[in-house]
$ cat work_21.cif   # mmCIF, C-alpha atoms and all ligand atoms
data_input
#
loop_
_atom_site.label_atom_id
_atom_site.label_comp_id
_atom_site.auth_asym_id
_atom_site.auth_seq_id
_atom_site.Cartn_x
_atom_site.Cartn_y
_atom_site.Cartn_z
CA MET A 1 15.28 3.86 33.50
CA ASN A 2 14.65 1.75 30.51
CA HIS A 3 17.37 -0.89 30.84
CA GLY A 4 16.83 -4.05 28.91
CA LYS A 5 13.62 -2.91 27.32
CA ILE A 6 13.42 -4.02 23.74
CA ILE A 7 11.79 -1.51 21.45
CA PRO A 8 10.31 -3.45 18.54
CA MET A 9 11.50 -2.26 15.17
CA SER A 10 8.73 -1.41 12.79
CA LYS A 11 8.44 -4.12 10.16
CA ARG A 12 8.89 -3.67 6.44
CA LEU A 13 5.64 -3.94 4.62
CA ILE A 14 5.07 -5.68 1.33
CA ILE A 15 1.61 -5.28 -0.08
CA GLY A 16 0.40 -7.36 -2.97
CA ASN A 17 -2.28 -5.58 -4.97
CA TRP A 18 -3.76 -8.38 -7.03
CA LYS A 19 -5.93 -5.94 -9.00
CA MET A 20 -8.47 -7.88 -11.15
CA ASN A 21 -6.59 -11.20 -10.77
CA PRO A 22 -6.68 -14.19 -10.72
CA GLY A 23 -9.65 -15.58 -12.63
CA THR A 24 -10.94 -18.27 -10.26
CA PRO A 25 -11.24 -18.90 -6.51
CA GLU A 26 -9.05 -21.99 -6.88
CA GLU A 27 -6.23 -19.91 -8.29
CA ALA A 28 -6.72 -17.30 -5.57
CA LYS A 29 -6.50 -19.95 -2.85
CA LYS A 30 -3.36 -21.41 -4.37
CA LEU A 31 -1.72 -18.02 -4.62
CA VAL A 32 -2.61 -17.07 -1.07
CA ARG A 33 -1.36 -20.42 0.25
CA LYS A 34 2.04 -19.91 -1.37
CA THR A 35 2.25 -16.33 -0.15
CA LYS A 36 1.31 -17.31 3.40
CA ARG A 37 3.93 -20.02 3.42
CA ALA A 38 6.59 -17.52 2.37
CA ALA A 39 5.45 -15.11 5.11
CA LEU A 40 5.79 -17.73 7.85
CA GLY A 41 9.54 -17.55 8.31
CA LEU A 42 9.96 -13.81 7.97
CA VAL A 43 11.76 -11.84 10.63
CA LYS A 44 11.57 -8.20 9.59
CA THR A 45 8.79 -8.16 7.05
CA GLU A 46 5.02 -8.30 7.02
CA ILE A 47 2.92 -9.26 4.00
CA VAL A 48 -0.54 -7.98 3.10
CA VAL A 49 -2.43 -9.29 0.08
CA CYS A 50 -5.33 -7.41 -1.45
CA PRO A 51 -7.46 -9.76 -3.57
CA PRO A 52 -10.60 -8.81 -5.51
CA PHE A 53 -13.76 -8.71 -3.33
CA PRO A 54 -15.16 -12.13 -4.31
CA PHE A 55 -11.99 -13.83 -3.03
CA LEU A 56 -11.50 -11.76 0.08
CA THR A 57 -13.20 -14.10 2.53
CA ALA A 58 -11.36 -17.14 1.19
CA CYS A 59 -8.04 -15.34 1.61
CA VAL A 60 -8.55 -14.12 5.18
CA PRO A 61 -6.78 -16.57 7.49
CA ARG A 62 -9.08 -18.48 9.86
CA LYS A 63 -6.61 -18.04 12.68
CA LYS A 64 -3.89 -15.45 13.15
CA GLU A 65 -1.02 -16.12 10.75
CA ALA A 66 2.53 -14.91 11.26
CA ASN A 67 3.38 -11.84 9.19
CA PHE A 68 0.35 -12.20 6.96
CA LYS A 69 -2.74 -10.02 6.62
CA VAL A 70 -5.43 -9.30 4.05
CA GLY A 71 -6.83 -6.05 2.68
CA ALA A 72 -9.39 -4.77 0.21
CA GLN A 73 -8.50 -2.87 -2.97
CA SER A 74 -11.04 -0.15 -2.26
CA VAL A 75 -14.03 0.56 -0.02
CA SER A 76 -17.20 2.56 -0.45
CA ALA A 77 -17.25 6.18 0.64
CA GLU A 78 -20.35 5.25 2.63
CA GLU A 79 -20.04 3.40 5.90
CA GLY A 80 -22.17 0.56 7.23
CA VAL A 81 -25.04 -0.70 5.10
CA GLY A 82 -27.52 0.97 2.79
CA ALA A 83 -28.90 1.53 -0.69
CA ARG A 84 -25.62 1.57 -2.62
CA THR A 85 -25.80 -0.85 -5.52
CA GLY A 86 -22.45 -2.34 -6.41
CA GLU A 87 -20.66 -0.95 -3.36
CA VAL A 88 -18.82 -2.74 -0.57
CA SER A 89 -18.43 -0.92 2.74
CA ALA A 90 -15.34 -0.78 4.92
CA THR A 91 -17.49 -2.09 7.77
CA MET A 92 -18.19 -5.25 5.75
CA VAL A 93 -14.54 -5.64 4.86
CA ARG A 94 -13.56 -5.36 8.52
CA ALA A 95 -16.35 -7.73 9.56
CA ILE A 96 -14.93 -10.58 7.50
CA GLY A 97 -11.51 -10.15 9.09
CA ALA A 98 -9.61 -8.06 6.57
CA GLU A 99 -7.41 -5.41 8.19
CA TYR A 100 -6.28 -3.09 5.40
CA ALA A 101 -7.79 -1.10 2.54
CA ILE A 102 -6.16 0.52 -0.44
CA VAL A 103 -7.70 3.87 -1.35
CA GLY A 104 -7.00 6.26 -4.18
CA HIS A 105 -5.24 3.88 -6.53
CA SER A 106 -4.57 5.60 -9.84
CA GLU A 107 -6.55 2.93 -11.68
CA GLN A 108 -9.57 4.05 -9.66
CA ARG A 109 -8.83 7.71 -10.24
CA LYS A 110 -8.59 7.29 -13.99
CA VAL A 111 -11.76 8.71 -15.44
CA GLY A 112 -13.85 6.29 -17.40
CA GLU A 113 -11.52 3.35 -17.47
CA SER A 114 -12.56 1.20 -14.52
CA GLY A 115 -16.01 2.67 -14.23
CA ASN A 116 -14.72 4.69 -11.30
CA SER A 117 -13.35 8.17 -11.33
CA ASP A 118 -12.05 8.92 -7.89
CA THR A 119 -11.19 12.49 -7.01
CA ASP A 120 -9.29 13.66 -3.94
CA GLU A 121 -12.69 14.32 -2.41
CA THR A 122 -14.03 10.80 -2.89
CA VAL A 123 -10.65 9.38 -1.85
CA SER A 124 -10.92 11.36 1.37
CA LYS A 125 -14.39 9.94 2.03
CA ARG A 126 -13.28 6.36 1.37
CA LEU A 127 -10.25 6.88 3.57
CA ASN A 128 -12.32 8.13 6.49
CA ALA A 129 -14.85 5.34 6.07
CA ALA A 130 -12.03 2.79 6.19
CA LEU A 131 -10.42 4.36 9.27
CA ASN A 132 -13.74 4.59 11.10
CA ALA A 133 -14.31 0.90 10.41
CA GLY A 134 -10.97 0.07 12.02
CA LEU A 135 -8.98 -0.64 8.87
CA VAL A 136 -5.43 0.48 8.18
CA VAL A 137 -5.43 2.60 5.04
CA ILE A 138 -2.95 2.43 2.19
CA LEU A 139 -3.35 5.81 0.54
CA CYS A 140 -2.02 5.80 -3.03
CA VAL A 141 -0.61 9.00 -4.46
CA GLY A 142 1.54 9.69 -7.49
CA GLU A 143 2.10 12.10 -10.32
CA LYS A 144 0.94 11.38 -13.85
CA ALA A 145 4.17 12.66 -15.38
CA ARG A 146 7.46 14.23 -14.31
CA ASP A 147 8.50 17.63 -15.55
CA GLU A 148 11.63 19.73 -15.27
CA ASN A 149 10.15 22.54 -13.23
CA GLY A 150 8.71 20.38 -10.50
CA THR A 151 4.99 20.93 -10.97
CA TYR A 152 4.61 17.22 -10.21
CA LEU A 153 5.54 18.03 -6.62
CA GLU A 154 2.58 20.37 -6.43
CA GLU A 155 0.35 17.60 -7.79
CA LEU A 156 1.62 15.20 -5.14
CA LYS A 157 1.26 17.73 -2.35
CA ASN A 158 -2.31 18.50 -3.33
CA GLN A 159 -3.24 14.83 -3.53
CA ILE A 160 -1.92 14.15 -0.04
CA LYS A 161 -3.29 17.29 1.58
CA ASN A 162 -6.72 17.06 -0.02
CA SER A 163 -7.08 13.37 0.76
CA LEU A 164 -6.26 13.97 4.42
CA LEU A 165 -8.16 17.23 4.78
CA ASN A 166 -10.96 15.83 6.91
CA THR A 167 -9.06 13.15 8.78
CA PRO A 168 -8.51 13.57 12.53
CA LYS A 169 -4.89 13.44 13.71
CA LYS A 170 -5.62 10.46 15.97
CA PHE A 171 -5.70 8.30 12.82
CA ALA A 172 -2.21 9.31 11.63
CA SER A 173 -0.60 6.01 12.67
CA LYS A 174 -3.26 4.07 10.72
CA ILE A 175 -2.38 5.66 7.39
CA ILE A 176 0.34 4.33 5.10
CA ILE A 177 1.26 6.36 2.05
CA ALA A 178 2.06 4.43 -1.09
CA TYR A 179 3.90 6.58 -3.57
CA GLU A 180 3.15 5.21 -7.02
CA PRO A 181 4.17 7.41 -9.96
CA VAL A 182 1.42 6.69 -12.47
CA TRP A 183 3.91 6.42 -15.33
CA ALA A 184 5.75 3.58 -13.57
CA ILE A 185 2.66 1.46 -12.93
CA GLY A 186 2.55 -1.43 -15.38
CA ALA A 187 5.81 -0.20 -16.94
CA GLN A 188 8.91 -2.23 -17.73
CA GLU A 189 11.14 -0.27 -15.38
CA ALA A 190 10.58 1.10 -11.90
CA MET A 191 11.50 4.66 -11.04
CA ASN A 192 15.15 5.10 -10.27
CA SER A 193 15.92 4.49 -6.60
CA GLU A 194 17.57 7.85 -5.90
CA GLN A 195 14.45 9.58 -7.16
CA ILE A 196 12.34 7.27 -5.02
CA TYR A 197 14.38 8.34 -2.01
CA GLU A 198 14.01 12.06 -2.79
CA THR A 199 10.30 11.80 -3.41
CA SER A 200 9.69 9.71 -0.31
CA ILE A 201 11.27 12.48 1.77
CA PHE A 202 8.93 14.98 0.13
CA VAL A 203 5.91 12.75 0.82
CA ARG A 204 6.93 12.40 4.45
CA LYS A 205 7.31 16.16 4.73
CA ILE A 206 3.79 16.76 3.45
CA PHE A 207 2.46 14.14 5.84
CA ALA A 208 4.28 16.00 8.63
CA ASP A 209 2.69 19.29 7.49
CA VAL A 210 -0.70 17.68 7.91
CA PHE A 211 -0.24 15.62 11.07
CA GLY A 212 2.80 17.13 12.79
CA ALA A 213 6.54 16.42 12.73
CA ASP A 214 6.32 13.47 15.05
CA ASN A 215 3.80 11.64 12.90
CA GLY A 216 5.82 12.57 9.81
CA LEU A 217 8.85 10.80 11.22
CA LYS A 218 6.85 7.72 12.13
CA ALA A 219 4.92 7.55 8.86
CA LYS A 220 5.32 4.52 6.65
CA VAL A 221 6.03 5.42 3.04
CA LEU A 222 5.94 2.69 0.40
CA TYR A 223 6.90 2.69 -3.25
CA GLY A 224 4.89 1.05 -6.04
CA GLY A 225 5.32 0.77 -9.80
CA ALA A 226 7.04 -2.07 -11.68
CA VAL A 227 8.51 -3.65 -8.56
CA ASN A 228 9.78 -7.20 -9.06
CA PHE A 229 12.05 -9.67 -7.32
CA ARG A 230 15.08 -8.28 -9.15
CA ASN A 231 14.73 -4.61 -8.20
CA ALA A 232 13.05 -4.91 -4.76
CA TYR A 233 16.32 -5.01 -2.82
CA GLU A 234 17.71 -1.89 -4.45
CA ILE A 235 14.47 0.05 -4.14
CA MET A 236 14.32 -0.76 -0.43
CA THR A 237 17.95 0.00 0.34
CA VAL A 238 18.76 2.93 -1.98
CA GLY A 239 15.20 4.26 -2.09
CA LYS A 240 15.00 3.86 1.71
CA VAL A 241 11.27 3.25 1.74
CA ASP A 242 9.41 1.32 4.43
CA GLY A 243 7.92 -1.14 2.00
CA LEU A 244 6.55 -1.88 -1.44
CA LEU A 245 3.18 -1.95 -3.15
CA VAL A 246 3.42 -4.65 -5.77
CA GLY A 247 1.08 -5.31 -8.69
CA ARG A 248 2.07 -7.87 -11.34
CA GLU A 249 4.75 -9.62 -9.32
CA SER A 250 2.29 -10.24 -6.46
CA VAL A 251 0.20 -12.58 -8.63
CA ASN A 252 3.24 -14.44 -9.86
CA ALA A 253 3.87 -16.75 -6.90
CA PRO A 254 7.52 -17.71 -7.56
CA GLY A 255 8.54 -14.10 -8.21
CA PHE A 256 6.62 -12.78 -5.20
CA VAL A 257 8.18 -15.37 -2.90
CA GLU A 258 11.66 -14.36 -4.14
CA LEU A 259 10.80 -10.69 -3.65
CA ILE A 260 9.63 -11.29 -0.08
CA LYS A 261 12.80 -13.21 0.76
CA ALA A 262 15.04 -10.53 -0.80
CA VAL A 263 13.44 -7.81 1.30
CA ASP A 264 13.53 -9.79 4.53
CA LYS A 265 17.25 -10.43 4.05
CA ILE A 266 18.16 -6.74 4.09
CA THR A 267 20.24 -6.01 7.16
CA ALA A 268 19.86 -2.91 9.35
P1 LIG B 301 2.81 -3.04 -11.15
O1 LIG B 301 3.68 -3.57 -10.03
O2 LIG B 301 2.19 -4.10 -11.95
O3 LIG B 301 3.56 -2.01 -11.96
O4 LIG B 301 1.60 -2.27 -10.45
C1 LIG B 301 1.88 -1.41 -9.43
C2 LIG B 301 0.62 -1.04 -8.75
O5 LIG B 301 -0.22 -0.37 -9.31
C3 LIG B 301 0.42 -1.54 -7.39
O6 LIG B 301 -0.68 -0.92 -6.77
#
$ encode --input "work_21.cif" --output "structure tokens"
Amino acid sequence: MNHGKIIPMSKRLIIGNWKMNPGTPEEAKKLVRKTKRAALGLVKTEIVVCPPFPFLTACVPRKKEANFKVGAQSVSAEEGVGARTGEVSATMVRAIGAEYAIVGHSEQRKVGESGNSDTDETVSKRLNAALNAGLVVILCVGEKARDENGTYLEELKNQIKNSLLNTPKKFASKIIIAYEPVWAIGAQEAMNSEQIYETSIFVRKIFADVFGADNGLKAKVLYGGAVNFRNAYEIMTVGKVDGLLVGRESVNAPGFVELIKAVDKITA
């Protein structure tokens, strides 16, 4: 008998991907202070901010903070320490108290632009390095363009399957999938919420193909791409996703605070 036992509802997750912002540690501290304050009173929502590496330590809370955690924007494919100029390992990220890592962001997959050119294979290596170090992974996937005959679904499926190819099932609960259609990142408008819903079901199905139906049901699927305080509510309720991966609005403190409040207010 299970009378009276309260099963905790899984919290909504809002992740702020600061990208290459802001310009100074002072600004980073200010932004994180405001975000932390907004996270304090939340009931159903948890916030994760992912600052650039130089600001990571300053953003990690000294003591446990309610509903607030910190993550890295990427980690090296190599674990531990070693001769890897310019790289930061997941082990180091974990050692300074960060708990999450984004892997496979489209800005890291884009050949030539950021100096990185991640493939599904390197994403898979980074993902495993992060999991082995004890981080929760935010795996970004998303099609470059939509087409009438649905080849974008194939693209998505391959990204997910190939990225998870070498990952043991025991890590399934430590992987969050962020669906970010590349064409919506940095755009004026987010994807329409009905399409977000449809695609999130597809993403969950592929996750279930890889890790089993049970893990598919439990998986957290987020949406990212032009999310702001105005559209967050609709994306969450109509798009029925478990959370949001936010770029621009996460470095705009007033907008991010509004967004967080709007999501926490959603009933059910
Ligand atoms: P924007 O919210 O600025 O469109 O960026 C989305 C994103 O890439 C988050 O990872």
$ closest_residue --input "work_21.cif" --among "A:Met236, A:Val75, A:Ile102, A:Ala253" --to "ligand LIG 301 (chain B)" --atoms "all atoms listed in the file"
A:Ile102
$ closest_residue --input "work_21.cif" --among "A:Val241, A:Val263, A:Leu31, A:Ala213" --to "Asn228 in chain A" --atoms "all atoms listed in the file"
A:Val263
$ axis_aligned_box --input "work_21.cif" --around "ligand LIG 301 (chain B)" --padding-each-side "4 Å" --output "JSON"
{"center_x": 1.5, "center_y": -2.2, "center_z": -9.4, "size_x": 12.4, "size_y": 11.7, "size_z": 13.2}
$ closest_atom_pairs --input "work_21.cif" --of "chain A" --to "ligand LIG 301 (chain B)" --cutoff "6 Å" --atoms "only C-alpha atoms and all ligand atoms" --output "CSV"
residue,atom,partner,partner_atom,distance
A:Asn17,CA,B:LIG301,O6,5.2
A:Ile185,CA,B:LIG301,O3,3.7
A:Gly186,CA,B:LIG301,O3,3.6
A:Ala187,CA,B:LIG301,O3,5.8
A:Gly224,CA,B:LIG301,C1,5.2
A:Gly225,CA,B:LIG301,O3,3.9
A:Ala226,CA,B:LIG301,O3,3.5
A:Val227,CA,B:LIG301,O1,5.0
A:Leu245,CA,B:LIG301,C3,5.1
A:Val246,CA,B:LIG301,O1,4.4
A:Gly247,CA,B:LIG301,O1,3.4
A:Arg248,CA,B:LIG301,O2,3.8
$ closest_residue --input "work_21.cif" --among "A:Asp242, A:Phe229, A:Leu222, A:Asn215" --to "Val257 in chain A" --atoms "all atoms listed in the file"
A:Phe229
$ closest_residue --input "work_21.cif" --among "A:Leu56, A:Lys125, A:Ala39, A:Lys69" --to "Met92 in chain A" --atoms "only C-alpha atoms"
A:Leu56
$ residues_around --input "work_21.cif" --residues "Val60 in chain A" --least-positions-apart "4" --cutoff "10 Å" --atoms "all atoms listed in the file" --output "list in words"
Val32, Val49, Cys50, Pro51, Phe55, Leu56, Lys64, Glu65, Phe68, Lys69, Val70, Gly71, Ile96, Gly97, Ala98 and Glu99 of chain A
$ write_last_selection --input "work_21.cif" --atoms "C-alpha atoms" --output "mmCIF file, keeping the file's coordinate frame"
data_model
loop_
_atom_site.group_PDB
_atom_site.id
_atom_site.type_symbol
_atom_site.label_atom_id
_atom_site.label_comp_id
_atom_site.auth_asym_id
_atom_site.auth_seq_id
_atom_site.Cartn_x
_atom_site.Cartn_y
_atom_site.Cartn_z
ATOM 1 C CA VAL A 32 -2.610 -17.070 -1.070
ATOM 2 C CA VAL A 49 -2.430 -9.290 0.080
ATOM 3 C CA CYS A 50 -5.330 -7.410 -1.450
ATOM 4 C CA PRO A 51 -7.460 -9.760 -3.570
ATOM 5 C CA PHE A 55 -11.990 -13.830 -3.030
ATOM 6 C CA LEU A 56 -11.500 -11.760 0.080
ATOM 7 C CA LYS A 64 -3.890 -15.450 13.150
ATOM 8 C CA GLU A 65 -1.020 -16.120 10.750
ATOM 9 C CA PHE A 68 0.350 -12.200 6.960
ATOM 10 C CA LYS A 69 -2.740 -10.020 6.620
ATOM 11 C CA VAL A 70 -5.430 -9.300 4.050
ATOM 12 C CA GLY A 71 -6.830 -6.050 2.680
ATOM 13 C CA ILE A 96 -14.930 -10.580 7.500
ATOM 14 C CA GLY A 97 -11.510 -10.150 9.090
ATOM 15 C CA ALA A 98 -9.610 -8.060 6.570
ATOM 16 C CA GLU A 99 -7.410 -5.410 8.190
#
$ residues_around --input "work_21.cif" --residues "Pro168 in chain A" --least-positions-apart "3" --cutoff "12 Å" --atoms "all atoms listed in the file" --output "ChimeraX atom specification"
/A:124,127-128,131-132,163-165,171-175,210-212
$ residues_near_point --input "work_21.cif" --point "(0.4, 0.1, 6.2)" --cutoff "9 Å" --atoms "only C-alpha atoms" --output "list of chain:residue names"
A:Leu13, A:Ile14, A:Ile15, A:Val48, A:Tyr100, A:Val136, A:Val137, A:Ile138, A:Leu139, A:Ser173, A:Lys174, A:Ile175, A:Ile176, A:Ile177, A:Ala178, A:Lys220, A:Val221, A:Leu222, A:Gly243
$ write_last_selection --input "work_21.cif" --atoms "C-alpha atoms" --output "tab-separated table (two decimals), keeping the file's coordinate frame"
chain	number	residue	atom	x	y	z
A	13	LEU	CA	5.64	-3.94	4.62
A	14	ILE	CA	5.07	-5.68	1.33
A	15	ILE	CA	1.61	-5.28	-0.08
A	48	VAL	CA	-0.54	-7.98	3.10
A	100	TYR	CA	-6.28	-3.09	5.40
A	136	VAL	CA	-5.43	0.48	8.18
A	137	VAL	CA	-5.43	2.60	5.04
A	138	ILE	CA	-2.95	2.43	2.19
A	139	LEU	CA	-3.35	5.81	0.54
A	173	SER	CA	-0.60	6.01	12.67
A	174	LYS	CA	-3.26	4.07	10.72
A	175	ILE	CA	-2.38	5.66	7.39
A	176	ILE	CA	0.34	4.33	5.10
A	177	ILE	CA	1.26	6.36	2.05
A	178	ALA	CA	2.06	4.43	-1.09
A	220	LYS	CA	5.32	4.52	6.65
A	221	VAL	CA	6.03	5.42	3.04
A	222	LEU	CA	5.94	2.69	0.40
A	243	GLY	CA	7.92	-1.14	2.00
$ residues_around --input "work_21.cif" --residues "Ile260 in chain A" --least-positions-apart "4" --cutoff "9 Å" --atoms "all atoms listed in the file" --output "PyMOL selection string"
chain A and resi 14+35+38-39+42+45-47+229+232+255-256+264-265
$ closest_residue --input "work_21.cif" --among "A:Thr267, A:Ser250, A:Ser106, A:Thr85" --to "Gln159 in chain A" --atoms "all atoms listed in the file"
A:Ser106
$ residues_around --input "work_21.cif" --residues "range 193-202 of chain A" --least-positions-apart "4" --cutoff "6 Å" --atoms "only C-alpha atoms" --output "PyMOL selection string"
chain A and resi 235+238-240
